[in-house]
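Here the structure is laid out as C-alpha cells; the discussion comes afterwards.
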Amino acid sequence: MLRDCTHFYIQFESAQDTSRMPIVDHATRLITCKLVYYGPGRSGKTTNLSYLHSALPSGQVGSLTSLATRRDRTLFFDYLPVNLGTVGAYRVRFQLYTVPGQPYYRAIRQLVLQGADGIAFVADSQRHRWEDNIESMQDLHANLAEHGVDARGLPMAIQYNKQDLPPSLSTPVNELSDALNFRNVPEFAADALNGVGVFDTLRALGMRVLRRLGAAEAPGMAA
Ligand SMILES: Nc1nc2c(ncn2[C@@H]2O[C@H](COP(=O)(O)OP(=O)(O)O)[C@@H](O)[C@H]2O)c(=O)[nH]1
Ligand SMILES: [Mg+2]
C-alpha cells in the first residue's frame with residue numbers, strides 16, 4: 001500500500017500554508033496526516049475504516065475506535081490510525097476519521113473537520129440518496145468555509161459506494177460524478193463491504209496530501 005510513495009521526495013521548505021499542513025516530526029522522522037471520511041449518514045464511511053482495519057496487517061493498523069451515542073448506534077466518529085510506508089527517510093501515518101452524516105450532527109462534523117489534510121467523500125449510490133449526497137457535499141463546503149478553508153485547495157477523493165447494488169436501485173457513476181465531482185478530483189466506484197475501491201480511495205487521497213506537503217515526483221519516476 002502506498003509503496004509508490006518512495007517515488008517521491010519531500011521539499012519541506014517549499015511547503016506553503018503551514019497552518020493546515022500534515023505534522024512533520026523531523027526528530028522521529030514521522031509525517032502525520034489527518035484524513036476525514038465525509039458523506040451522508042449510512043453511506044459506508046465506517047465500512048471503509050472497518051475494511052481497512054480487517055484487511056491491513058496488524059503492524060500497519062491500530063485499533064478502530066468508535067464513539068457512539070447511547071440511545072442508538074449512530075456514531076459520533078470513528079478513528080483509525082494507519083501506517084502506510086515511507087516517503088524517503090520518513091514514515092507516513094494517516095489518521096483516518098469519519099464524521100456522522102446525519103444533519104443534526106453538524107457541530108460534531110465541524111470538530112472532526114478541524115485540521116483535516118484531506119477529505120474522502122463517500123457518496124451513497126442508492127437512487128433514493130441522491131439529494132442526501134448533494135446536501136452533504138454542500139454541507140462540507142460550508143463547514144470548510146467556516147473554518148476559513150477554501151475547499152478548492154484541499155486534497156479530496158470521491159468514492160461512489162454501494163455500486164454492487166443492481167442498476168434499478170443505484171445511480172451510475174457517471175451521473176453521480178456529474179453532480180458531485182465538479183472539481184474533477186480522483187473518483188472511484190466502490191463496494192466497501194467487500195473492499196472494492198477502498199484502498200484506491202485511500203491511496204489516491206494519501207498521494208494528493210503528500211504531494212501538497214511539498215512532495216514532488218523524483219525525476220524519471222512514474223507516479
Ligand atoms: N450494498 C452495500 N451496502 C453497504 C456498502 N457499504 C456499506 N454498506 C451498508 O450500509 C450501511 C451503512 O454503512 P456505515 O459504514 O455504517 O455508514 P456510515 O454511516 O457512513 O458510517 C451498513 O448497513 C453497511 O453494511 C456497500 O458498498 N454496498
Ligand atoms: Mg459511521
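By order of appearance in the C-alpha cells: chains A, B, ..., then residues from 1 within every chain, and ligands from 1 in the order shown.
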For segment 186-201 of chain A, list every protein, DNA or RNA residue within 8 Å, evaluated using only C-alpha atoms, and leave out those in the same chain fewer than 3 positions away; present the list as a VMD selection string.
chain A and resid 1 44 47 to 48 51 to 52 120 156 to 164 173 177 181 204 to 205
Write to file, as a PDB file, in the first residue's frame, the residues of the selection just made, with C-alpha atoms.
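What ended up in again_21.pdb:
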ATOM      1  CA  MET A   1       0.000   0.000   0.000  1.00  0.00           C
ATOM      2  CA  GLY A  44     -20.449   3.495   4.149  1.00  0.00           C
ATOM      3  CA  THR A  47     -17.455   0.338   6.500  1.00  0.00           C
ATOM      4  CA  ASN A  48     -14.380   1.790   4.735  1.00  0.00           C
ATOM      5  CA  TYR A  51     -12.470  -2.952   5.906  1.00  0.00           C
ATOM      6  CA  LEU A  52      -9.060  -1.287   6.194  1.00  0.00           C
ATOM      7  CA  ALA A 120     -12.535  11.216   1.243  1.00  0.00           C
ATOM      8  CA  MET A 156     -10.057  15.272  -1.998  1.00  0.00           C
ATOM      9  CA  ALA A 157     -11.127  11.948  -3.473  1.00  0.00           C
ATOM     10  CA  ILE A 158     -14.706  10.866  -4.106  1.00  0.00           C
ATOM     11  CA  GLN A 159     -15.995   7.336  -3.677  1.00  0.00           C
ATOM     12  CA  TYR A 160     -19.296   6.202  -5.203  1.00  0.00           C
ATOM     13  CA  ASN A 161     -20.123   3.455  -2.757  1.00  0.00           C
ATOM     14  CA  LYS A 162     -22.695   0.648  -2.995  1.00  0.00           C
ATOM     15  CA  GLN A 163     -22.111   0.182  -6.732  1.00  0.00           C
ATOM     16  CA  ASP A 164     -22.681  -3.533  -6.052  1.00  0.00           C
ATOM     17  CA  VAL A 173     -21.045   6.522 -11.573  1.00  0.00           C
ATOM     18  CA  SER A 177     -19.787  12.259 -10.998  1.00  0.00           C
ATOM     19  CA  ASN A 181     -17.242  15.909  -8.886  1.00  0.00           C
ATOM     20  CA  ALA A 204      -5.282   8.458  -4.214  1.00  0.00           C
ATOM     21  CA  LEU A 205      -6.094  10.779  -1.335  1.00  0.00           C
TER      22      LEU A 205
END
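All residues, whether protein, DNA or RNA, that have an atom at most 9 Å from ligand 2 (counting only C-alpha atoms and all ligand atoms) are A:Gly41, A:Arg42, A:Ser43, A:Gly44, A:Lys45, A:Thr46, A:Thr47, A:Ser66, A:Arg73, A:Thr74, A:Leu75, A:Phe76, A:Phe77, A:Asp78, A:Thr98, A:Val99, A:Pro100, A:Gly101.
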Who sits within 10 Å of Gly59 of chain A, only C-alpha atoms, same chain under 4 positions skipped, as a PyMOL selection string
chain A and resi 82-84
Closest of A:Asn143, A:Ser170, A:Ser63, A:Thr32 to Val87 of chain A, counting only C-alpha atoms, is A:Thr32
When DSSP is applied to the backbone of this structure, which of segment 34-210 of chain A are assigned strand (DSSP E)? Write them out as a PyMOL selection string.
chain A and resi 34-38+65-68+75-87+90-98+118-124+156-161+187-189
Requested write-out: C-alpha atoms of the selected residues, as a PDB file, in the first residue's frame:
ATOM      1  CA  LYS A  34      -5.387  13.662   9.085  1.00  0.00           C
ATOM      2  CA  LEU A  35      -7.854  12.284   6.556  1.00  0.00           C
ATOM      3  CA  VAL A  36     -11.579  12.734   7.094  1.00  0.00           C
ATOM      4  CA  TYR A  37     -14.200  10.432   5.565  1.00  0.00           C
ATOM      5  CA  TYR A  38     -17.190  12.666   4.862  1.00  0.00           C
ATOM      6  CA  THR A  65     -12.094   3.473  17.890  1.00  0.00           C
ATOM      7  CA  SER A  66     -15.762   4.330  17.594  1.00  0.00           C
ATOM      8  CA  LEU A  67     -17.649   6.803  19.707  1.00  0.00           C
ATOM      9  CA  ALA A  68     -21.356   6.076  19.642  1.00  0.00           C
ATOM     10  CA  LEU A  75     -21.571   7.088  15.627  1.00  0.00           C
ATOM     11  CA  PHE A  76     -20.139  10.418  16.677  1.00  0.00           C
ATOM     12  CA  PHE A  77     -16.997   9.492  14.827  1.00  0.00           C
ATOM     13  CA  ASP A  78     -14.572   6.668  14.169  1.00  0.00           C
ATOM     14  CA  TYR A  79     -10.819   6.839  14.351  1.00  0.00           C
ATOM     15  CA  LEU A  80      -8.276   4.516  12.786  1.00  0.00           C
ATOM     16  CA  PRO A  81      -4.511   5.077  12.612  1.00  0.00           C
ATOM     17  CA  VAL A  82      -2.811   3.515   9.597  1.00  0.00           C
ATOM     18  CA  ASN A  83       0.899   3.350   8.793  1.00  0.00           C
ATOM     19  CA  LEU A  84       1.424   3.141   5.082  1.00  0.00           C
ATOM     20  CA  GLY A  85       5.064   3.061   4.240  1.00  0.00           C
ATOM     21  CA  THR A  86       7.673   5.721   3.868  1.00  0.00           C
ATOM     22  CA  VAL A  87       8.472   8.820   1.878  1.00  0.00           C
ATOM     23  CA  TYR A  90      10.141   9.490   6.740  1.00  0.00           C
ATOM     24  CA  ARG A  91       7.429   7.129   7.903  1.00  0.00           C
ATOM     25  CA  VAL A  92       3.903   8.198   6.985  1.00  0.00           C
ATOM     26  CA  ARG A  93       0.986   7.806   9.377  1.00  0.00           C
ATOM     27  CA  PHE A  94      -2.561   8.546   8.318  1.00  0.00           C
ATOM     28  CA  GLN A  95      -5.144   9.258  10.980  1.00  0.00           C
ATOM     29  CA  LEU A  96      -8.499   8.342   9.487  1.00  0.00           C
ATOM     30  CA  TYR A  97     -11.678   9.865  10.908  1.00  0.00           C
ATOM     31  CA  THR A  98     -15.310   9.563   9.910  1.00  0.00           C
ATOM     32  CA  GLY A 118      -7.614  15.626   3.036  1.00  0.00           C
ATOM     33  CA  ILE A 119     -11.216  14.535   2.506  1.00  0.00           C
ATOM     34  CA  ALA A 120     -12.535  11.216   1.243  1.00  0.00           C
ATOM     35  CA  PHE A 121     -16.122  11.946   0.250  1.00  0.00           C
ATOM     36  CA  VAL A 122     -18.153   8.720   0.422  1.00  0.00           C
ATOM     37  CA  ALA A 123     -21.330   9.061  -1.633  1.00  0.00           C
ATOM     38  CA  ASP A 124     -24.190   6.583  -1.355  1.00  0.00           C
ATOM     39  CA  MET A 156     -10.057  15.272  -1.998  1.00  0.00           C
ATOM     40  CA  ALA A 157     -11.127  11.948  -3.473  1.00  0.00           C
ATOM     41  CA  ILE A 158     -14.706  10.866  -4.106  1.00  0.00           C
ATOM     42  CA  GLN A 159     -15.995   7.336  -3.677  1.00  0.00           C
ATOM     43  CA  TYR A 160     -19.296   6.202  -5.203  1.00  0.00           C
ATOM     44  CA  ASN A 161     -20.123   3.455  -2.757  1.00  0.00           C
ATOM     45  CA  GLU A 187     -13.079   9.246  -8.131  1.00  0.00           C
ATOM     46  CA  PHE A 188     -13.752   5.565  -7.547  1.00  0.00           C
ATOM     47  CA  ALA A 189     -16.661   3.167  -7.794  1.00  0.00           C
TER      48      ALA A 189
END
For ligand 1, which residue out of A:Leu169, A:Ile108, A:Leu56, A:Ala27 is the nearest one, using only C-alpha atoms and all ligand atoms?
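Result for the nearest residue to ligand 1: A:Leu169.
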Using DSSP secondary structure from the backbone, list all helix (DSSP H, G or I) positions within segment 78-123 of chain A, as a VMD selection string.
chain A and resid 103 to 113
Report the closest atom pair, with its distance in Å rounded to one decimal, for each residue of segment 70-141 of chain A that has an atom no farther than 12 Å from segment 145-153 of chain A; count only C-alpha atoms, sort by chain and then rising residue number, and write it as a tab-separated table.
residue	atom	partner	partner_atom	distance
A:Arg106	CA	A:Glu146	CA	11.9
A:Ala107	CA	A:Glu146	CA	11.5
A:Arg109	CA	A:His147	CA	11.5
A:Gln110	CA	A:His147	CA	8.2
A:Leu111	CA	A:His147	CA	9.8
A:Val112	CA	A:His147	CA	11.4
A:Leu113	CA	A:His147	CA	8.6
A:Gln114	CA	A:His147	CA	7.2
A:Gly115	CA	A:His147	CA	9.0
A:Ala116	CA	A:Val149	CA	9.9
A:Asp117	CA	A:Gly153	CA	10.2
A:Gly118	CA	A:Gly153	CA	9.8
A:Ile119	CA	A:Ala151	CA	9.6
A:Met137	CA	A:Ala151	CA	10.6
A:Gln138	CA	A:Ala145	CA	10.6
A:Asp139	CA	A:Ala145	CA	9.8
A:Leu140	CA	A:Ala151	CA	8.5
A:His141	CA	A:Ala145	CA	6.1
Restricting the output to C-alpha atoms, write the selected residues as a PDB file, in the first residue's frame.
ATOM      1  CA  ARG A 106     -23.275  19.375  12.227  1.00  0.00           C
ATOM      2  CA  ALA A 107     -21.344  20.569  15.277  1.00  0.00           C
ATOM      3  CA  ARG A 109     -18.685  17.345  11.810  1.00  0.00           C
ATOM      4  CA  GLN A 110     -17.219  20.798  12.356  1.00  0.00           C
ATOM      5  CA  LEU A 111     -14.995  19.488  15.138  1.00  0.00           C
ATOM      6  CA  VAL A 112     -13.819  16.426  13.238  1.00  0.00           C
ATOM      7  CA  LEU A 113     -13.078  18.511  10.136  1.00  0.00           C
ATOM      8  CA  GLN A 114     -10.732  20.797  12.019  1.00  0.00           C
ATOM      9  CA  GLY A 115      -7.176  20.434  10.761  1.00  0.00           C
ATOM     10  CA  ALA A 116      -8.085  17.922   8.048  1.00  0.00           C
ATOM     11  CA  ASP A 117      -5.328  17.432   5.469  1.00  0.00           C
ATOM     12  CA  GLY A 118      -7.614  15.626   3.036  1.00  0.00           C
ATOM     13  CA  ILE A 119     -11.216  14.535   2.506  1.00  0.00           C
ATOM     14  CA  MET A 137     -21.244  17.949  -0.367  1.00  0.00           C
ATOM     15  CA  GLN A 138     -22.736  21.421   0.157  1.00  0.00           C
ATOM     16  CA  ASP A 139     -22.502  20.941   3.920  1.00  0.00           C
ATOM     17  CA  LEU A 140     -18.825  20.000   3.552  1.00  0.00           C
ATOM     18  CA  HIS A 141     -18.054  23.164   1.629  1.00  0.00           C
TER      19      HIS A 141
END
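Checking A:Ala55, A:Leu49, A:Leu176, A:Val185 one by one against ligand 1, counting only C-alpha atoms and all ligand atoms, you find the shortest gap at A:Leu49.
Between ligand 1 and the residues A:Pro167, A:Leu210, A:Ser54, A:Pro40, the shortest atom-to-atom distance, using only C-alpha atoms and all ligand atoms, involves A:Pro40.
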Provide the atom CA of Pro57 of chain A to atom 14 (P, counted along the ligand's line) of ligand 1 distance in Å, to one decimal place.
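So the answer is 22.2 Å.
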So the first atom is atom 14 (P, counted along the ligand's line) of ligand 1 and the second is atom CA of Pro22 of chain A; what is the distance between them in Å, to one decimal place?
26.9 Å
Between A:Gly62, A:Leu165, A:Trp130, A:Pro103, which has the minimum distance to ligand 1 (counting only C-alpha atoms and all ligand atoms)?
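Nearest to ligand 1: A:Leu165.
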Work out how far atom CA of Pro155 of chain A is from atom CA of Arg212 of chain A, in Å to one decimal.
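Between atom CA of Arg212 of chain A and atom CA of Pro155 of chain A the gap works out to 7.8 Å.
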Which one of A:Gln60, A:Gly88, A:Ser125, A:His53 sits closest to ligand 1 if you count only C-alpha atoms and all ligand atoms?
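So, comparing all the options, the nearest one is A:Ser125.
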